[in-house]
$ cat final10.txt   # compact mmCIF, C-alpha atoms
# COMPACT_ATOMS: atom_id res chain seq x y z
CA MET V 1 39.14 24.83 -3.78
CA ALA V 2 42.39 23.43 -2.47
CA GLU V 3 45.01 21.96 -4.76
CA THR V 4 44.89 18.25 -5.32
CA PRO V 5 47.82 16.22 -3.98
CA TYR V 6 48.74 15.55 -7.60
CA GLN V 7 48.99 19.29 -8.22
CA VAL V 8 51.03 19.74 -5.05
CA LEU V 9 53.56 17.22 -6.30
CA GLY V 10 53.32 18.49 -9.86
CA VAL V 11 52.42 15.09 -11.33
CA LYS V 12 49.61 13.87 -13.49
CA ASN V 13 46.61 12.08 -12.00
CA ASP V 14 47.71 8.81 -13.58
CA ALA V 15 51.34 9.12 -12.50
CA SER V 16 53.03 5.88 -11.48
CA SER V 17 54.17 5.41 -7.92
CA ASP V 18 57.76 5.80 -9.11
CA ASP V 19 56.93 9.15 -10.69
CA ILE V 20 55.29 10.21 -7.48
CA ARG V 21 58.26 9.16 -5.36
CA THR V 22 60.70 10.95 -7.67
CA ALA V 23 58.64 14.13 -7.67
CA TYR V 24 58.36 14.04 -3.91
CA ARG V 25 62.09 13.59 -3.33
CA LYS V 26 62.93 16.45 -5.63
CA LEU V 27 60.50 18.82 -3.93
CA ALA V 28 61.44 17.68 -0.44
CA LYS V 29 65.09 18.49 -1.11
CA GLN V 30 64.23 21.93 -2.47
CA LEU V 31 61.86 22.83 0.32
CA HIS V 32 63.46 21.20 3.33
CA PRO V 33 63.31 23.66 6.29
CA ASP V 34 67.00 23.14 7.06
CA LEU V 35 67.87 24.36 3.58
CA ASN V 36 65.42 27.27 3.78
CA PRO V 37 65.91 28.94 7.15
CA GLY V 38 63.64 31.92 7.76
CA LYS V 39 61.32 31.06 4.88
CA PRO V 40 57.96 30.09 6.42
CA GLU V 41 56.31 29.73 3.01
CA ALA V 42 58.87 27.06 2.10
CA GLU V 43 58.12 25.25 5.33
CA ALA V 44 54.37 25.33 4.67
CA ARG V 45 54.98 24.08 1.18
CA PHE V 46 57.20 21.32 2.53
CA LYS V 47 54.42 20.18 4.84
CA ALA V 48 51.90 20.17 2.01
CA VAL V 49 54.24 18.11 -0.15
CA ALA V 50 54.79 15.64 2.66
CA ALA V 51 51.05 15.31 3.21
CA ALA V 52 50.40 14.84 -0.50
CA TYR V 53 53.10 12.19 -0.71
CA ASP V 54 51.76 10.49 2.38
CA LEU V 55 48.40 10.14 0.68
CA LEU V 56 49.57 9.22 -2.82
CA SER V 57 52.32 6.81 -1.79
CA ASP V 58 49.75 4.62 -0.07
CA SER V 59 47.93 2.83 -2.88
CA ASP V 60 44.92 2.18 -0.68
CA LYS V 61 44.58 5.83 0.33
CA ARG V 62 45.28 6.95 -3.21
CA GLY V 63 42.50 4.73 -4.51
CA ARG V 64 40.08 6.06 -1.93
CA TYR V 65 41.06 9.61 -2.77
CA ASP V 66 40.62 8.95 -6.50
CA ARG V 67 37.14 7.61 -5.86
CA GLY V 68 36.26 10.69 -3.84
CA GLU V 69 35.93 8.78 -0.58
CA ILE V 70 38.47 10.90 1.29
CA ASP V 71 39.63 14.46 0.67
CA GLU V 72 43.22 15.68 0.22
CA THR V 73 43.73 15.80 4.00
CA GLY V 74 42.70 12.15 4.29
CA ALA V 75 39.38 13.03 5.94
CA GLU V 76 36.36 10.97 5.02
CA ARG V 77 34.03 12.68 2.63
CA PRO V 78 30.34 12.09 3.14
CA ARG V 79 29.35 9.33 0.78
CA TYR V 80 26.90 10.60 -1.78
CA SER V 81 23.60 8.82 -1.83
CA TYR V 82 22.04 9.06 -5.23
CA ARG V 83 18.46 8.29 -4.24
CA PRO V 84 17.48 11.54 -2.48
CA HIS V 85 18.84 13.45 -5.44
CA ALA V 86 17.23 11.19 -8.01
CA GLU V 87 13.86 11.52 -6.31
CA GLY V 88 14.21 15.23 -5.73
CA ALA V 89 13.16 17.91 -8.15
CA GLN V 90 16.62 17.94 -9.77
CA GLY V 91 16.38 14.24 -10.55
CA ARG V 92 13.52 14.85 -12.95
CA LYS V 93 15.96 15.39 -15.82
CA TYR V 94 17.10 11.77 -15.54
CA ASP V 95 13.53 10.45 -15.52
CA PRO V 96 12.85 8.56 -18.78
CA GLN V 97 9.20 9.67 -18.56
CA GLY V 98 10.90 12.96 -18.29
CA GLY V 99 9.70 16.35 -17.30
CA MET V 100 7.06 15.53 -19.89
CA GLY V 101 4.99 15.17 -16.81
CA ALA V 102 2.42 12.41 -17.02
CA GLU V 103 0.24 15.20 -15.68
CA ASP V 104 -2.96 13.41 -16.51
CA LEU V 105 -4.26 10.36 -14.71
CA ASP V 106 -4.71 8.68 -18.08
CA ASP V 107 -0.98 8.93 -18.68
CA LEU V 108 -0.43 7.15 -15.41
CA PHE V 109 -2.93 4.46 -16.34
CA ALA V 110 -1.29 4.08 -19.73
CA MET V 111 2.10 3.82 -18.09
CA PHE V 112 1.01 1.03 -15.77
CA GLY V 113 -1.26 -0.70 -18.26
CA GLY V 114 -4.46 0.01 -16.41
CA ARG V 115 -7.79 1.28 -17.65
CA GLY V 116 -8.23 4.99 -17.64
CA ARG V 117 -11.56 6.70 -17.67
CA ARG V 118 -11.51 6.31 -21.40
CA GLY V 119 -11.80 2.62 -20.77
CA ARG V 120 -9.02 1.62 -23.10
CA THR V 121 -7.36 -1.69 -22.58
CA ALA V 122 -4.15 -2.33 -24.39
CA GLU V 123 -4.13 -5.34 -26.65
CA GLY V 124 -2.73 -8.51 -25.14
CA MET V 125 -2.79 -6.95 -21.72
CA SER V 126 -3.53 -9.02 -18.66
CA MET V 127 -5.26 -7.73 -15.60
CA PRO V 128 -7.59 -9.13 -12.96
CA GLY V 129 -11.32 -8.92 -13.47
CA GLY V 130 -13.43 -6.55 -11.43
CA ASP V 131 -15.08 -7.46 -8.15
CA ARG V 132 -18.81 -8.09 -8.14
CA LEU V 133 -20.93 -6.92 -5.26
CA PHE V 134 -23.89 -8.86 -3.93
CA SER V 135 -26.11 -8.61 -0.93
CA LEU V 136 -27.48 -11.58 0.96
CA THR V 137 -30.04 -11.55 3.73
CA VAL V 138 -29.88 -14.39 6.24
CA ASP V 139 -32.25 -15.40 9.00
CA PHE V 140 -31.48 -14.34 12.52
CA ALA V 141 -30.72 -17.89 13.61
CA GLU V 142 -28.58 -18.59 10.53
CA ALA V 143 -26.45 -15.58 11.33
CA ALA V 144 -26.01 -16.78 14.91
CA THR V 145 -25.24 -20.42 14.20
CA GLY V 146 -23.82 -20.30 10.68
CA ALA V 147 -25.35 -21.70 7.53
CA ARG V 148 -24.86 -22.57 3.92
CA LYS V 149 -26.81 -20.41 1.52
CA ARG V 150 -27.27 -20.46 -2.20
CA LEU V 151 -27.05 -17.07 -3.83
CA SER V 152 -28.47 -16.58 -7.31
CA LEU V 153 -26.16 -14.38 -9.32
CA SER V 154 -28.16 -14.61 -12.50
CA PRO V 155 -30.89 -16.95 -13.80
CA ASP V 156 -28.31 -19.58 -14.67
CA GLU V 157 -25.59 -18.93 -12.15
CA SER V 158 -25.61 -19.44 -8.44
CA LEU V 159 -23.06 -19.45 -5.71
CA ASP V 160 -22.87 -21.46 -2.52
CA VAL V 161 -21.99 -19.21 0.33
CA THR V 162 -20.88 -20.43 3.71
CA ILE V 163 -22.09 -18.09 6.40
CA PRO V 164 -19.72 -18.35 9.36
CA PRO V 165 -21.46 -18.51 12.75
CA GLY V 166 -21.75 -15.22 14.56
CA ILE V 167 -21.56 -13.10 11.42
CA ASP V 168 -22.42 -9.45 11.97
CA GLU V 169 -24.81 -7.20 10.15
CA GLY V 170 -23.06 -5.52 7.22
CA GLN V 171 -20.07 -7.88 7.23
CA VAL V 172 -18.65 -8.56 3.76
CA LEU V 173 -17.62 -12.03 2.64
CA ARG V 174 -15.08 -12.27 -0.16
CA LEU V 175 -15.29 -15.25 -2.50
CA LYS V 176 -12.08 -15.39 -4.41
CA GLY V 177 -12.27 -15.69 -8.18
CA LYS V 178 -16.07 -15.44 -8.26
CA GLY V 179 -16.13 -11.90 -9.62
CA GLY V 180 -15.83 -10.66 -13.18
CA PRO V 181 -13.59 -12.57 -15.60
CA GLY V 182 -9.98 -11.47 -15.91
CA TYR V 183 -8.57 -9.69 -18.94
CA GLY V 184 -6.11 -11.68 -20.97
CA ALA V 185 -4.33 -14.05 -18.63
CA GLY V 186 -5.44 -12.08 -15.59
CA PRO V 187 -7.33 -13.87 -12.79
CA ALA V 188 -11.04 -13.35 -12.23
CA GLY V 189 -12.11 -10.77 -9.70
CA ASP V 190 -13.80 -11.59 -6.40
CA ALA V 191 -17.42 -11.71 -5.36
CA LEU V 192 -18.06 -9.45 -2.40
CA ILE V 193 -21.15 -10.42 -0.48
CA GLU V 194 -22.56 -8.03 2.03
CA ILE V 195 -24.53 -9.87 4.69
CA HIS V 196 -27.73 -8.52 6.16
CA ILE V 197 -29.47 -10.15 9.09
CA ALA V 198 -33.25 -10.25 8.96
CA PRO V 199 -34.84 -8.91 12.13
CA HIS V 200 -36.49 -11.48 14.37
CA PRO V 201 -39.84 -11.11 16.15
CA PHE V 202 -38.34 -11.81 19.59
CA PHE V 203 -34.57 -12.36 19.35
CA ARG V 204 -32.24 -9.39 19.46
CA ARG V 205 -28.44 -9.52 18.97
CA VAL V 206 -26.20 -7.51 21.27
CA GLY V 207 -22.66 -8.35 20.23
CA ASP V 208 -22.36 -12.10 20.60
CA ASP V 209 -25.23 -12.26 23.08
CA ILE V 210 -28.88 -12.72 22.29
CA HIS V 211 -31.60 -11.01 24.25
CA ILE V 212 -35.17 -12.14 24.48
CA GLU V 213 -38.19 -10.99 26.46
CA LEU V 214 -40.06 -13.98 27.82
CA PRO V 215 -43.71 -13.70 28.81
CA VAL V 216 -44.55 -15.60 32.03
CA SER V 217 -47.79 -15.94 33.88
CA ILE V 218 -48.38 -14.48 37.33
CA SER V 219 -48.33 -17.92 38.87
CA GLU V 220 -45.07 -18.89 37.08
CA ALA V 221 -43.49 -15.71 38.42
CA VAL V 222 -44.78 -16.15 41.94
CA LEU V 223 -44.51 -19.90 42.31
CA GLY V 224 -41.58 -20.57 39.97
CA GLY V 225 -41.49 -23.37 37.45
CA ARG V 226 -39.90 -24.90 34.41
CA VAL V 227 -40.70 -23.30 31.09
CA ALA V 228 -39.59 -23.83 27.49
CA VAL V 229 -37.51 -20.96 26.07
CA PRO V 230 -36.72 -20.59 22.35
CA THR V 231 -33.05 -20.26 21.46
CA VAL V 232 -31.32 -20.08 18.06
CA THR V 233 -30.46 -23.77 18.41
CA GLY V 234 -33.98 -24.81 19.45
CA PRO V 235 -36.08 -24.64 22.62
CA VAL V 236 -34.47 -25.36 25.98
CA THR V 237 -36.06 -25.79 29.40
CA MET V 238 -35.32 -23.07 31.91
CA THR V 239 -36.19 -22.88 35.60
CA ILE V 240 -37.88 -19.71 36.75
CA PRO V 241 -37.03 -19.19 40.40
CA LYS V 242 -39.84 -18.74 42.83
CA GLY V 243 -40.81 -15.11 43.33
CA SER V 244 -39.25 -13.73 40.12
CA ASP V 245 -40.27 -10.16 39.42
CA ALA V 246 -41.10 -8.66 36.04
CA GLY V 247 -37.90 -7.46 34.35
CA ALA V 248 -35.73 -10.05 36.11
CA GLN V 249 -32.94 -11.23 33.79
CA LEU V 250 -31.87 -14.86 33.59
CA ARG V 251 -28.89 -16.11 31.65
CA LEU V 252 -28.61 -19.19 29.46
CA ARG V 253 -24.91 -19.70 29.16
CA GLY V 254 -23.56 -20.48 25.70
CA LYS V 255 -26.90 -20.07 23.97
CA GLY V 256 -25.96 -16.85 22.19
CA SER V 257 -24.21 -16.36 18.88
CA GLN V 258 -22.05 -19.42 18.09
CA LYS V 259 -18.86 -17.66 17.10
CA LYS V 260 -15.93 -19.97 16.53
CA GLY V 261 -14.14 -20.79 19.76
CA ARG V 262 -16.60 -19.04 22.00
CA ALA V 263 -20.32 -18.64 22.11
CA GLY V 264 -22.27 -15.74 23.52
CA ASP V 265 -25.04 -16.12 26.09
CA GLN V 266 -28.76 -15.69 25.87
CA TYR V 267 -30.32 -13.25 28.30
CA VAL V 268 -33.94 -13.84 29.14
CA THR V 269 -35.90 -10.92 30.56
CA LEU V 270 -39.15 -11.89 32.26
CA LYS V 271 -42.33 -10.12 31.30
CA ILE V 272 -45.31 -10.94 33.47
CA VAL V 273 -48.60 -11.18 31.61
CA ILE V 274 -51.91 -11.52 33.33
CA GLY V 275 -53.39 -13.65 30.59
CA ALA V 276 -57.12 -13.05 30.08
CA PRO V 277 -57.64 -9.34 30.85
CA ASP V 278 -60.96 -9.84 32.56
CA ASP V 279 -60.49 -13.05 34.45
CA PRO V 280 -63.20 -12.82 37.14
CA ASP V 281 -61.56 -15.55 39.25
CA LEU V 282 -58.26 -13.68 39.38
CA ALA V 283 -59.99 -10.43 40.26
CA LYS V 284 -61.98 -12.13 42.99
CA PHE V 285 -58.84 -13.79 44.35
CA LEU V 286 -56.92 -10.53 44.52
CA GLU V 287 -59.79 -8.69 46.19
CA THR V 288 -59.71 -11.23 48.97
CA TRP V 289 -55.88 -11.40 49.06
CA PRO V 290 -54.83 -10.09 52.50
CA GLY V 291 -51.52 -8.76 51.28
CA ARG V 292 -52.99 -6.52 48.57
CA HIS V 293 -52.38 -3.25 50.47
CA LYS V 294 -48.90 -4.07 51.72
CA GLY V 295 -46.04 -1.93 50.39
CA ASP V 296 -46.02 0.70 47.66
CA PRO V 297 -44.30 -0.47 44.42
CA ARG V 298 -43.85 3.21 43.41
CA ARG V 299 -42.02 4.12 46.57
CA GLY V 300 -39.11 6.42 45.79
CA MET V 301 -40.61 7.79 42.56
CA GLY V 302 -41.65 11.08 44.24
CA GLU V 303 -45.03 12.74 44.77
CA LYS V 304 -45.34 14.30 41.32
CA GLY V 305 -44.21 11.16 39.59
CA GLY V 306 -41.79 11.01 36.70
CA THR V 307 -39.64 14.03 37.62
CA GLY V 308 -38.86 12.70 41.13
CA MET H 309 26.82 24.04 -8.56
CA ILE H 310 30.41 23.49 -9.56
CA ASP H 311 32.19 23.73 -12.90
CA LEU H 312 34.10 21.08 -14.76
CA ASP H 313 37.50 21.90 -13.25
CA GLN H 314 36.15 21.82 -9.72
CA LEU H 315 34.42 18.57 -10.50
CA LEU H 316 37.61 16.97 -11.81
CA ARG H 317 39.43 18.07 -8.68
CA ARG H 318 36.64 16.55 -6.60
CA PHE H 319 36.99 13.20 -8.36
CA ALA H 320 40.71 12.81 -8.94
CA GLY H 321 40.22 9.37 -10.47
CA LEU H 322 38.01 10.79 -13.18
CA GLU H 323 39.63 11.81 -16.45
CA ARG H 324 38.34 14.82 -18.29
CA ALA H 325 37.89 12.87 -21.54
CA GLU H 326 35.97 10.23 -19.66
CA LEU H 327 33.55 12.71 -18.18
CA VAL H 328 33.08 14.37 -21.56
CA ARG H 329 32.16 10.98 -22.97
CA TRP H 330 29.65 10.42 -20.15
CA VAL H 331 28.02 13.73 -20.92
CA GLU H 332 27.96 12.88 -24.63
CA ASN H 333 26.35 9.53 -23.76
CA ARG H 334 23.83 11.50 -21.72
CA TRP H 335 24.73 9.53 -18.61
CA VAL H 336 25.34 12.85 -16.94
CA LEU H 337 23.35 15.93 -17.86
CA PRO H 338 25.07 19.08 -16.61
CA ASP H 339 23.38 22.44 -17.05
CA GLU H 340 24.99 24.88 -19.43
CA THR H 341 25.65 28.53 -18.65
CA GLY H 342 27.65 30.75 -20.97
CA GLY H 343 28.81 27.72 -22.96
CA ARG H 344 30.21 26.03 -19.82
CA TRP H 345 28.99 23.00 -18.01
CA VAL H 346 27.89 23.33 -14.42
CA PHE H 347 27.14 20.32 -12.25
CA GLY H 348 24.46 20.27 -9.58
CA GLU H 349 24.21 18.02 -6.55
CA VAL H 350 22.26 15.39 -8.47
CA ASP H 351 24.95 15.28 -11.16
CA ILE H 352 27.73 14.98 -8.60
CA ALA H 353 25.89 12.19 -6.82
CA ARG H 354 25.34 10.47 -10.14
CA ILE H 355 29.00 10.68 -11.10
CA ASP H 356 29.88 9.30 -7.68
CA LEU H 357 27.43 6.47 -8.29
CA ILE H 358 28.84 5.69 -11.75
CA LEU H 359 32.40 5.65 -10.40
CA HIS H 360 31.40 3.26 -7.63
CA VAL H 361 29.37 0.95 -9.82
CA ARG H 362 32.25 0.78 -12.26
CA GLN H 363 34.75 0.12 -9.52
CA ASP H 364 32.79 -2.18 -7.24
CA PHE H 365 31.03 -4.28 -9.86
CA ALA H 366 33.55 -3.95 -12.69
CA VAL H 367 30.81 -2.63 -14.95
CA GLY H 368 31.97 -1.63 -18.42
CA ASP H 369 30.50 1.04 -20.67
CA ASP H 370 27.93 -1.17 -22.40
CA ALA H 371 26.64 -2.60 -19.16
CA MET H 372 26.68 0.85 -17.60
CA GLU H 373 24.27 1.99 -20.29
CA VAL H 374 21.86 -0.76 -19.23
CA VAL H 375 22.38 -0.18 -15.51
CA LEU H 376 21.70 3.53 -15.77
CA GLY H 377 18.71 2.94 -18.05
CA LEU H 378 17.13 0.57 -15.54
CA LEU H 379 18.05 2.80 -12.64
CA ASP H 380 16.40 5.78 -14.28
CA GLN H 381 13.30 3.74 -14.98
CA VAL H 382 13.07 2.68 -11.34
CA TYR H 383 13.39 6.24 -10.12
CA GLY H 384 10.92 7.36 -12.77
CA LEU H 385 8.44 4.77 -11.54
CA ARG H 386 9.11 5.71 -7.93
CA ARG H 387 8.40 9.30 -8.85
CA GLN H 388 5.09 8.38 -10.49
CA MET H 389 4.26 6.10 -7.59
CA ALA H 390 4.92 8.93 -5.17
CA ARG H 391 2.60 11.20 -7.14
CA LEU H 392 -0.07 8.56 -7.10
CA CYS H 393 0.37 7.98 -3.37
CA ASP H 394 0.10 11.70 -2.73
CA ALA H 395 -3.09 11.82 -4.74
CA LEU H 396 -4.50 8.82 -2.86
CA ALA H 397 -3.56 10.26 0.50
CA ALA H 398 -5.51 13.40 -0.39
CA GLN H 399 -8.72 11.42 -0.92
CA PRO H 400 -11.47 11.19 1.70
CA PRO H 401 -11.39 8.02 3.85
CA GLU H 402 -14.29 6.33 2.04
CA VAL H 403 -12.53 6.70 -1.32
CA GLN H 404 -9.32 5.30 0.19
CA ALA H 405 -11.30 2.39 1.64
CA SER H 406 -12.84 1.58 -1.71
CA ILE H 407 -9.43 1.69 -3.41
CA ARG H 408 -8.07 -0.59 -0.71
CA ARG H 409 -10.83 -3.09 -1.44
CA ALA H 410 -10.17 -2.88 -5.17
CA LEU H 411 -6.47 -3.65 -4.72
CA PRO H 412 -5.66 -7.24 -5.58
CA LYS H 413 -4.14 -8.99 -2.60
CA GLY H 414 -0.35 -9.02 -2.63
CA GLY H 415 1.23 -11.22 -5.26
CA ASP H 416 -1.87 -11.55 -7.42
CA ARG H 417 -0.44 -9.19 -9.86

$ encode --input "final10.txt" --output "structure tokens"
Amino acid sequence: MAETPYQVLGVKNDASSDDIRTAYRKLAKQLHPDLNPGKPEAEARFKAVAAAYDLLSDSDKRGRYDRGEIDETGAERPRYSYRPHAEGAQGRKYDPQGGMGAEDLDDLFAMFGGRGRRGRTAEGMSMPGGDRLFSLTVDFAEAATGARKRLSLSPDESLDVTIPPGIDEGQVLRLKGKGGPGYGAGPAGDALIEIHIAPHPFFRRVGDDIHIELPVSISEAVLGGRVAVPTVTGPVTMTIPKGSDAGAQLRLRGKGSQKKGRAGDQYVTLKIVIGAPDDPDLAKFLETWPGRHKGDPRRGMGEKGGTG
Amino acid sequence: MIDLDQLLRRFAGLERAELVRWVENRWVLPDETGGRWVFGEVDIARIDLILHVRQDFAVGDDAMEVVLGLLDQVYGLRRQMARLCDALAAQPPEVQASIRRALPKGGDR
């Protein structure tokens, strides 16, 4: 390692600026190139002395050098950052928990005041209570439009739960502070309520939309008409256009799931039913219907059927 | 690794007696080989830190004791936290999800 500027000038590290100036003048006289012709080592020494004096005579530079911010040539030294060292393997020796390890999870729990698998709780310790899990089944319509439900937690404890409209199957509602009691001064835990939606005989949820298959008579399909359709908010009247085929899909805008801000739609798929299976009047009518042989509804399905 | 003389040259503002006192106070913990102190990167960085804290915040010896004690606690905790995080990161997603649910929301604790 190079000499320090103090060593170059032959002074102590705590030398006063006067001492430094005196030492420099003495050396400069001795080593001046004009007084030492043909002695390159004296010239090199003279330059080193001048550089050392340049650094030490400037109290700002001297201070920075003393703090290790610049080296003896005045170049910036990289500033040490302690953190990467402290967090590295070497830093372990400065860790008050020490190399002693805390190898076991219980040591960690003990260190942070939590409960280990041994279930200990330190005396006077405060920590939040545990969460309690419940499951609540709501009607199809309640899930779509929202509802208020009462959930029995125990024979003498119940909880009012607001079901937001448009809730999804499996969604979990968190009721703050309704879980297990806290330890010490710790707050109570939360109640977590997993919502299940009961299946409905004819409504089906697809995202925010509701699908329903609506039976219509042959005459309603052929002649059109106004029919009552159930929705989650009650029956509405819908017009079936003249000549609607089985499987035709009609949309009731805004009659789906009532999610905040936007509602889904209800899709109504027509299903033609013939009513009484052996209606002799209907049979007689169709036998005399002139159009009964016109067109083949299975056109395009291929000769062998199915695989076409 | 550097020895005491190299270290004192590196920090010209540091007196030998001062550094000896720091080691005796256990502020700095050099390794020992053949009865001589050797200083690793962490020790050098720590000395640099002590010098700067002393200079920049005019921290005296008594306060330095407290500062270093707290500092070492923080890094100790960070070390334990890092171990815990590593262990959590190694868990399957469903275990991580259940831990996430069990975490009190920020500021509750």

$ closest_residue --input "final10.txt" --among "H:Val361, H:Leu312, H:Leu385, H:Val367" --to "H:Thr341" --atoms "all atoms listed in the file"
H:Leu312

$ atom_distance --input "final10.txt" --atom1 "atom CA of V:Asp265" --atom2 "atom CA of V:Leu252"
5.8 Å

$ axis_aligned_box --input "final10.txt" --around "stretch 399-408 of chain H" --padding-each-side "3 Å" --output "JSON"
{"center_x": -11.2, "center_y": 5.4, "center_z": 0.2, "size_x": 12.2, "size_y": 18.0, "size_z": 13.3}

$ closest_atom_pairs --input "final10.txt" --of "chain V" --to "chain H" --cutoff "6 Å" --atoms "only C-alpha atoms" --output "tab-separated table"
residue	atom	partner	partner_atom	distance
V:Asp66	CA	H:Gly321	CA	4.0
V:Arg67	CA	H:Gly321	CA	5.8
V:Gly68	CA	H:Phe319	CA	5.2
V:Tyr80	CA	H:Ala353	CA	5.4
V:Tyr82	CA	H:Ala353	CA	5.2
V:His85	CA	H:Val350	CA	5.0
V:Asp95	CA	H:Gly384	CA	4.9

$ write_last_selection --input "final10.txt" --atoms "C-alpha atoms" --output "compact mmCIF listing (two decimals), in the frame of the given file"
# COMPACT_ATOMS: atom_id res chain seq x y z
CA ASP V 66 40.62 8.95 -6.50
CA ARG V 67 37.14 7.61 -5.86
CA GLY V 68 36.26 10.69 -3.84
CA TYR V 80 26.90 10.60 -1.78
CA TYR V 82 22.04 9.06 -5.23
CA HIS V 85 18.84 13.45 -5.44
CA ASP V 95 13.53 10.45 -15.52

$ atom_distance --input "final10.txt" --atom1 "atom CA of V:Asp278" --atom2 "atom CA of V:Met301"
28.7 Å

$ closest_residue --input "final10.txt" --among "V:Ala188, V:Ala141, V:Leu151, V:Leu133" --to "V:Pro165" --atoms "all atoms listed in the file"
V:Ala141

$ atom_distance --input "final10.txt" --atom1 "atom CA of V:Ile272" --atom2 "atom CA of V:Thr288"
21.2 Å

$ residues_near_point --input "final10.txt" --point "(-38.2, -10.7, 30.8)" --cutoff "9 Å" --atoms "all atoms listed in the file" --output "list in words"
Ile212, Glu213, Leu214, Pro215, Val216, Asp245, Ala246, Gly247, Ala248, Gln249, Leu250, Tyr267, Val268, Thr269, Leu270, Lys271 and Ile272 of chain V

$ residues_around --input "final10.txt" --residues "stretch 41-55 of chain V" --least-positions-apart "4" --cutoff "7 Å" --atoms "all atoms listed in the file" --output "JSON, numbers by chain"
{"V": [5, 8, 9, 24, 28, 31, 32, 33, 36, 61, 62]}

$ decode --input "final10.txt" --residues "stretch 170-195 of chain V" --atoms "C-alpha atoms" --output "CSV table (one decimal), in the first residue's frame"
chain,number,residue,atom,x,y,z
V,170,GLY,CA,-67.3,-19.2,-3.7
V,171,GLN,CA,-66.7,-15.5,-3.0
V,172,VAL,CA,-65.5,-14.8,0.5
V,173,LEU,CA,-66.9,-11.9,2.5
V,174,ARG,CA,-64.7,-10.5,5.3
V,175,LEU,CA,-66.5,-9.1,8.4
V,176,LYS,CA,-63.9,-7.2,10.3
V,177,GLY,CA,-63.6,-7.9,14.0
V,178,LYS,CA,-66.2,-10.7,14.0
V,179,GLY,CA,-63.7,-13.4,14.3
V,180,GLY,CA,-62.0,-14.8,17.4
V,181,PRO,CA,-61.2,-12.5,20.3
V,182,GLY,CA,-57.8,-10.8,20.4
V,183,TYR,CA,-55.1,-11.7,22.9
V,184,GLY,CA,-54.3,-9.1,25.4
V,185,ALA,CA,-55.0,-5.7,23.8
V,186,GLY,CA,-55.0,-7.2,20.3
V,187,PRO,CA,-58.0,-6.7,18.1
V,188,ALA,CA,-60.5,-9.5,17.3
V,189,GLY,CA,-60.0,-11.5,14.2
V,190,ASP,CA,-62.3,-11.4,11.2
V,191,ALA,CA,-65.2,-13.6,10.2
V,192,LEU,CA,-64.6,-15.0,6.7
V,193,ILE,CA,-67.9,-16.0,5.0
V,194,GLU,CA,-67.7,-18.2,2.0
V,195,ILE,CA,-70.8,-17.7,-0.2
